[in-house]
Amino acid sequence: MLRLSPWARLGLACGLLGLSLGFGPSARAAEGHGDDHGKPAAKAASKEPGKDAGKESAKEGSKEAGKDTGKGAREGSRTEVEKAGSQPVAAGVSMTELRDLIDQKIAEVRSKNETAPVLRVSPKTAPAPRARVKPGGSEAHGNSPQAAAAAAAHRAGSQGHDVHWAYAGDTGPESWGRLRPEFQTCMLGKRQSPIDIRDGIPVQLEPIQFDYRPTPFKVIDNGHTVQVNVEPGNAISVLGHRYELVQFHFHRPSEERLNGRQFDMVAHMVHKDVDGKLAVVAVLIEQGKAHPAVQLVWNSLPLEKGMEQRSPVMLDLLALLPEDQRYVTYMGSLTTPPCSEGVLWMVLKQPVQFSREQMNVFARMYPMNARPIQNAAGRMIKDGQ
Ligand SMILES: [Zn+2]
């Protein structure tokens, strides 16, 4: 069997892709140019949980999560590249295999040598919606909860170009942790979200105080969801702690489950305190009667991805909430890369309703944008009575 250096294999893989696609320089440098990047990637990266969990996970013998996170991908791709390399032309290699190879190579090279020039390949046909990380594209609204993590992300060269991740295909949830070093928590974290919320301890929880008011808002399709950015001045207080509402966005179907039940959709109201700590209120959504407030959001959907559309009207945020605001609560993570942990989750137990037509508006853009259920791993869940 041929033994090639990672660089030689990358070159070979890119060469094969070029051959197969019928054009030469199919890979271009990703350092902040081109039509699909140039904006800073989401800065919210939590380094420490991933680091610690990484050691544990490696000990536990997870094959994919070896000391070097690229190991699993590298071994997989070595075999494939060698197979491909043993053939005189790339005739036996499918486009999908090639795409996998390239994605694996890019992730590998990035994690191995962060200062090396990174190649980006834009296949003409993508098997799944390939979206980009933009400011505001992550659950954390692109703001780092920890300055240190942001600095680390900067050192890793994440400023100035983006990373494709998706809900299916070769950049789907199973691969998130390998796409970038800052995304390792997605793979190695021990307190990830979403979970199936069950067997909570029944207690009397202090009600969430919603200090919401009618507010100006902007709607953005960030490539992963429809997100509503709101003006400052809306907040929740829980256990004497105040968190400011930054944005809310939608998933279809609901990411979290309540005693195994998955809902048609969910809205995640993302709040942040002065230290950058996140608290997300999840509002479950089922099909029923039309919801006047969400209709205002849909009315302001922008025509272009990544473009913020300001609504001409105000949004009554309180109208988004169900009447009964009892909730279940646990500690988890962002459900999108970088999957940072330390997020306080409060899931309202009573769903609100959207009409079928309103559901379909979102479904046409995002038929499936829910991360799979993660291991609850014995986490404390409190169920407000
Ligand atoms: Zn979310």
# chains A, B, ... in the order shown; residues from 1 in each chain; ligands from 1
$ closest_atom_pairs --of "chain A" --to "ligand 1" --cutoff "7 Å" --atoms "only C-alpha atoms and all ligand atoms" --output "CSV"
residue,atom,partner,partner_atom_place_in_ligand_line,distance
A:Glu139,CA,ligand 1,1 (Zn),5.6
A:His249,CA,ligand 1,1 (Zn),6.2
A:Phe250,CA,ligand 1,1 (Zn),6.3
A:His251,CA,ligand 1,1 (Zn),6.3
A:His268,CA,ligand 1,1 (Zn),5.0
A:Thr335,CA,ligand 1,1 (Zn),5.9
$ residues_around --residues "Glu357 (chain A)" --least-positions-apart "5" --cutoff "12 Å" --atoms "only C-alpha atoms" --output "JSON, numbers by chain"
{"A": [287, 288, 289, 290, 291, 294, 295, 298, 362, 363, 364]}
$ closest_residue --among "A:Ala267, A:Met187, A:Ser333, A:Val328" --to "Pro173 (chain A)" --atoms "only C-alpha atoms"
A:Met187
$ atom_distance --atom1 "CA of Pro322 (chain A)" --atom2 "CA of Val352 (chain A)"
5.5 Å
$ atom_distance --atom1 "CA of Gly240 (chain A)" --atom2 "CA of Pro214 (chain A)"
23.4 Å
$ select_by_dssp --residues "region 177-353 of chain A" --states "strand (DSSP E or B)" --output "ChimeraX atom specification"
/A:196-197,201-203,209-211,214-215,217-221,226-230,235-238,241-251,257-258,261-262,265-272,278-287,309-310,315-316,327-333,341-353
